[in-house]
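This report concerns only the one structure given below.
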Amino acid sequence: MGDTIHTLNKKMEEFIHNAYESLKNGDEVSALGFLKTALEADFEQKEVMHALKCLNWWLEKIKRLEDFHSPYERGGYILSQWKSYNDFLDRIGESYDSCQYAMKRFVFSRALYYFLILLQDRVNQQDPTLLYQTGRCCKGVGDWEDAQNYLQQASRFRREDSAILSELADVYALLEDERKAKVLFREAFYFDPQAIDLPGLESEMILQLRNKVREAGYAGEELAEWIPIWGSIWGIFSKKRELKPVELGRLKQSILSLESEYRSKGQKSGANTFLKPRLLNRYFWLIDHCESNRDTSGLIDETMLKIKFIDPVVYEHYRT
């Protein structure tokens, strides 16, 4: 009896392994076959049932690819389903890391295939959106160096694009270049936190920060707005760069605009919850600039008082 169970378990492990390897290689038909065979051997094996649910979810989505005519539309459609897939995982509960790794490789490899077709045309090699999507896919399949290359190219066309900068920062962190990662994450969360795909970021640095900010009580769209605040306070966004004169001018103008908006509606019920963290983040940038230039004009003290006025809790943490 014991030998029979042991043999069955070994067979099951083999079927599951082969299914996952097939997925990584983009062969969903073989993967489905291995999983069905495994289920016939043990119809109560939880990981097999989970993997079948996940694969069938994607097979239903892939059927729709015929509705799209261009490679760009097909690749974009696949990537657009990733968030829905993660919502699906939340609903079904139990998950298996090996399964999700294989699924991710399968999905991002399929999207990458379509984008690489387009990049064969030299004209498309100047398209920042295509370069960005290709970089995301390379990161998704674990090819971090190619991801870095494509995302760097995309960032040259869009230097203030938070989606591109955050993905590039994530890749630098995965490649263990912490200095560049911290600089770029800080920039990305300055320009537009709402453009950042938080669930799509993978590096331990940003995942830990996201989880800590969530534990502090922030959720939903507000979460991304407060990440740079607490990231600065906790010393995670510690790498900074000197602002150019034109950047400093734009920063000060942005502060004036946000201050005016905050005075008019920042305290009112139902007001834009993004106002306070965005204003605080800009105050942090201004103080950093003044400190790096040894500003003695009193602007640092004035800005600290503004922080204290709009959020005493942040002020107490920040000044220490």
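Letters for chains follow the order of the structure tokens (A, B, ...), residue numbers begin at 1 for each chain, and ligand numbers begin at 1 in the order shown.
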
Contact residues around Asp127 (chain A) with only C-alpha atoms at 12 Å, ignoring same-chain residues under 3 positions, as a PyMOL selection string: chain A and resi 72+115+118-119+121-124+130-134+150-151+153-158

Selected residues written out with C-alpha atoms, as a short mmCIF file (atom, residue, chain, number, x, y, z; two decimals), in the first residue's frame:
data_model
loop_
_atom_site.label_atom_id
_atom_site.label_comp_id
_atom_site.auth_asym_id
_atom_site.auth_seq_id
_atom_site.Cartn_x
_atom_site.Cartn_y
_atom_site.Cartn_z
CA TYR A 72 0.11 45.11 -30.99
CA PHE A 115 5.62 42.80 -29.59
CA LEU A 118 6.53 44.61 -34.43
CA LEU A 119 10.07 45.53 -33.36
CA ASP A 121 10.32 47.01 -38.28
CA ARG A 122 12.94 49.73 -37.57
CA VAL A 123 10.26 52.42 -37.51
CA ASN A 124 8.61 50.73 -34.52
CA LEU A 130 5.95 49.48 -27.72
CA LEU A 131 9.39 49.55 -26.07
CA TYR A 132 7.74 49.88 -22.65
CA GLN A 133 5.39 46.94 -23.25
CA THR A 134 8.26 44.82 -24.56
CA TYR A 150 13.97 48.18 -23.68
CA LEU A 151 12.82 50.28 -20.72
CA GLN A 153 15.10 53.15 -24.58
CA ALA A 154 11.49 53.96 -23.73
CA SER A 155 12.57 56.36 -20.96
CA ARG A 156 14.70 58.36 -23.39
CA PHE A 157 11.52 59.29 -25.24
CA ARG A 158 9.41 59.84 -22.09
#

What's around Glu44 (chain A) at 12 Å? Count only C-alpha atoms, leave out sequence neighbours fewer than 6 positions away in its own chain, and write the answer as a CSV table (one decimal) with C-alpha atoms, in the first residue's frame.
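Here's the written file selection-v2.csv:
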chain,number,residue,atom,x,y,z
A,12,MET,CA,1.8,13.2,-9.8
A,38,ALA,CA,-2.9,13.9,-13.4
A,50,HIS,CA,-5.8,24.8,-9.0

Selection near Leu35 (chain A), 9 Å with only C-alpha atoms, sequence-local residues under 4 positions removed, as an MDAnalysis selection string: chainID A and resid 15:16 18:19 30:31 39:40 48:49 51:52

File dump, residues just selected, C-alpha atoms, as a PDB file, in the first residue's frame:
ATOM      1  CA  PHE A  15       2.816  15.286 -14.360  1.00  0.00           C
ATOM      2  CA  ILE A  16       2.722  18.639 -12.565  1.00  0.00           C
ATOM      3  CA  ASN A  18       5.863  18.538 -17.039  1.00  0.00           C
ATOM      4  CA  ALA A  19       2.751  20.717 -17.163  1.00  0.00           C
ATOM      5  CA  SER A  30       0.665  19.799 -23.678  1.00  0.00           C
ATOM      6  CA  ALA A  31       0.283  21.472 -20.278  1.00  0.00           C
ATOM      7  CA  LEU A  39      -6.486  14.661 -12.447  1.00  0.00           C
ATOM      8  CA  GLU A  40      -7.554  11.249 -13.757  1.00  0.00           C
ATOM      9  CA  VAL A  48      -3.696  20.018 -10.042  1.00  0.00           C
ATOM     10  CA  MET A  49      -7.234  21.364  -9.632  1.00  0.00           C
ATOM     11  CA  ALA A  51      -3.548  24.717 -11.994  1.00  0.00           C
ATOM     12  CA  LEU A  52      -6.420  23.551 -14.214  1.00  0.00           C
TER      13      LEU A  52
END

Region 105-112 of chain A environment, 9 Å, only C-alpha atoms, sequence neighbours closer than 3 positions dropped, as a ChimeraX atom specification: /A:22-28,58,71-72,74-79,82,100-102,115-117,133-142

Contacts of Ile300 (chain A) within 9 Å, only C-alpha atoms, excl. fewer than 6 positions in-chain, as a count of residues only: 5

Non-local contacts of region 251-266 of chain A (10 Å; only C-alpha atoms; under 3 positions in same chain excluded) as a PyMOL selection string: chain A and resi 243+245-248+269-276+278-283+285-286+306+310

I need the chosen residues saved as an mmCIF file, in the first residue's frame, with N, CA and C atoms.
data_model
loop_
_atom_site.group_PDB
_atom_site.id
_atom_site.type_symbol
_atom_site.label_atom_id
_atom_site.label_comp_id
_atom_site.auth_asym_id
_atom_site.auth_seq_id
_atom_site.Cartn_x
_atom_site.Cartn_y
_atom_site.Cartn_z
ATOM 1 N N LEU A 243 18.467 69.040 -8.375
ATOM 2 C CA LEU A 243 17.518 69.553 -9.366
ATOM 3 C C LEU A 243 18.171 70.596 -10.254
ATOM 4 N N PRO A 245 17.886 74.022 -12.565
ATOM 5 C CA PRO A 245 17.123 75.264 -12.326
ATOM 6 C C PRO A 245 15.696 75.202 -12.857
ATOM 7 N N VAL A 246 15.519 74.644 -14.056
ATOM 8 C CA VAL A 246 14.177 74.584 -14.630
ATOM 9 C C VAL A 246 13.300 73.621 -13.829
ATOM 10 N N GLU A 247 13.886 72.551 -13.302
ATOM 11 C CA GLU A 247 13.124 71.604 -12.494
ATOM 12 C C GLU A 247 12.721 72.235 -11.163
ATOM 13 N N LEU A 248 13.628 73.010 -10.591
ATOM 14 C CA LEU A 248 13.320 73.696 -9.332
ATOM 15 C C LEU A 248 12.172 74.676 -9.535
ATOM 16 N N SER A 269 -15.026 67.837 3.181
ATOM 17 C CA SER A 269 -15.454 66.447 3.062
ATOM 18 C C SER A 269 -15.542 66.055 1.596
ATOM 19 N N GLY A 270 -14.977 64.910 1.265
ATOM 20 C CA GLY A 270 -15.031 64.432 -0.110
ATOM 21 C C GLY A 270 -14.007 65.057 -1.017
ATOM 22 N N ALA A 271 -13.084 65.845 -0.465
ATOM 23 C CA ALA A 271 -12.060 66.488 -1.288
ATOM 24 C C ALA A 271 -11.103 65.433 -1.839
ATOM 25 N N ASN A 272 -10.367 65.805 -2.856
ATOM 26 C CA ASN A 272 -9.401 64.910 -3.473
ATOM 27 C C ASN A 272 -8.380 64.441 -2.435
ATOM 28 N N THR A 273 -8.365 63.141 -2.144
ATOM 29 C CA THR A 273 -7.464 62.615 -1.116
ATOM 30 C C THR A 273 -6.016 62.571 -1.574
ATOM 31 N N PHE A 274 -5.781 62.889 -2.849
ATOM 32 C CA PHE A 274 -4.417 62.891 -3.353
ATOM 33 C C PHE A 274 -3.685 64.190 -3.028
ATOM 34 N N LEU A 275 -4.417 65.250 -2.711
ATOM 35 C CA LEU A 275 -3.814 66.567 -2.526
ATOM 36 C C LEU A 275 -2.747 66.585 -1.442
ATOM 37 N N LYS A 276 -3.095 66.090 -0.267
ATOM 38 C CA LYS A 276 -2.162 66.159 0.858
ATOM 39 C C LYS A 276 -0.862 65.404 0.590
ATOM 40 N N ARG A 278 0.536 64.486 -2.184
ATOM 41 C CA ARG A 278 1.300 65.079 -3.294
ATOM 42 C C ARG A 278 1.987 66.371 -2.862
ATOM 43 N N LEU A 279 1.302 67.147 -2.045
ATOM 44 C CA LEU A 279 1.896 68.386 -1.545
ATOM 45 C C LEU A 279 3.047 68.064 -0.587
ATOM 46 N N LEU A 280 2.843 67.104 0.290
ATOM 47 C CA LEU A 280 3.905 66.703 1.207
ATOM 48 C C LEU A 280 5.134 66.202 0.450
ATOM 49 N N ASN A 281 4.904 65.423 -0.581
ATOM 50 C CA ASN A 281 6.020 64.887 -1.367
ATOM 51 C C ASN A 281 6.842 66.012 -1.991
ATOM 52 N N ARG A 282 6.151 67.040 -2.475
ATOM 53 C CA ARG A 282 6.861 68.171 -3.078
ATOM 54 C C ARG A 282 7.604 69.000 -2.026
ATOM 55 N N TYR A 283 7.037 69.089 -0.848
ATOM 56 C CA TYR A 283 7.759 69.751 0.246
ATOM 57 C C TYR A 283 9.058 68.993 0.552
ATOM 58 N N TRP A 285 10.822 67.201 -1.508
ATOM 59 C CA TRP A 285 11.771 67.449 -2.596
ATOM 60 C C TRP A 285 12.419 68.833 -2.441
ATOM 61 N N LEU A 286 11.620 69.808 -2.054
ATOM 62 C CA LEU A 286 12.149 71.170 -1.895
ATOM 63 C C LEU A 286 13.159 71.224 -0.746
ATOM 64 N N LYS A 306 4.999 74.305 7.247
ATOM 65 C CA LYS A 306 3.867 73.949 6.383
ATOM 66 C C LYS A 306 3.524 72.476 6.535
ATOM 67 N N ILE A 310 -0.185 70.879 7.900
ATOM 68 C CA ILE A 310 -1.127 70.024 7.162
ATOM 69 C C ILE A 310 -1.122 68.580 7.656
#

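Shortest atom-to-atom contact with Lys83 (chain A) among A:Arg214, A:Val183, A:Ile229, A:Lys104: A:Lys104, counting only C-alpha atoms.
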
Residue among A:Ala195, A:Leu207, A:Ala41, A:Val29 lying closest to Glu13 (chain A), counting only C-alpha atoms: A:Ala41

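Compared by their closest atoms to Tyr218 (chain A), and using only C-alpha atoms, the residues A:Gly93, A:Pro277, A:Pro312, A:Pro199 rank with A:Pro277 nearest.
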
Option closest in space to Ala181 (chain A), from A:Met205, A:Leu59, A:Cys54, A:Ile164 [counting only C-alpha atoms]: A:Met205
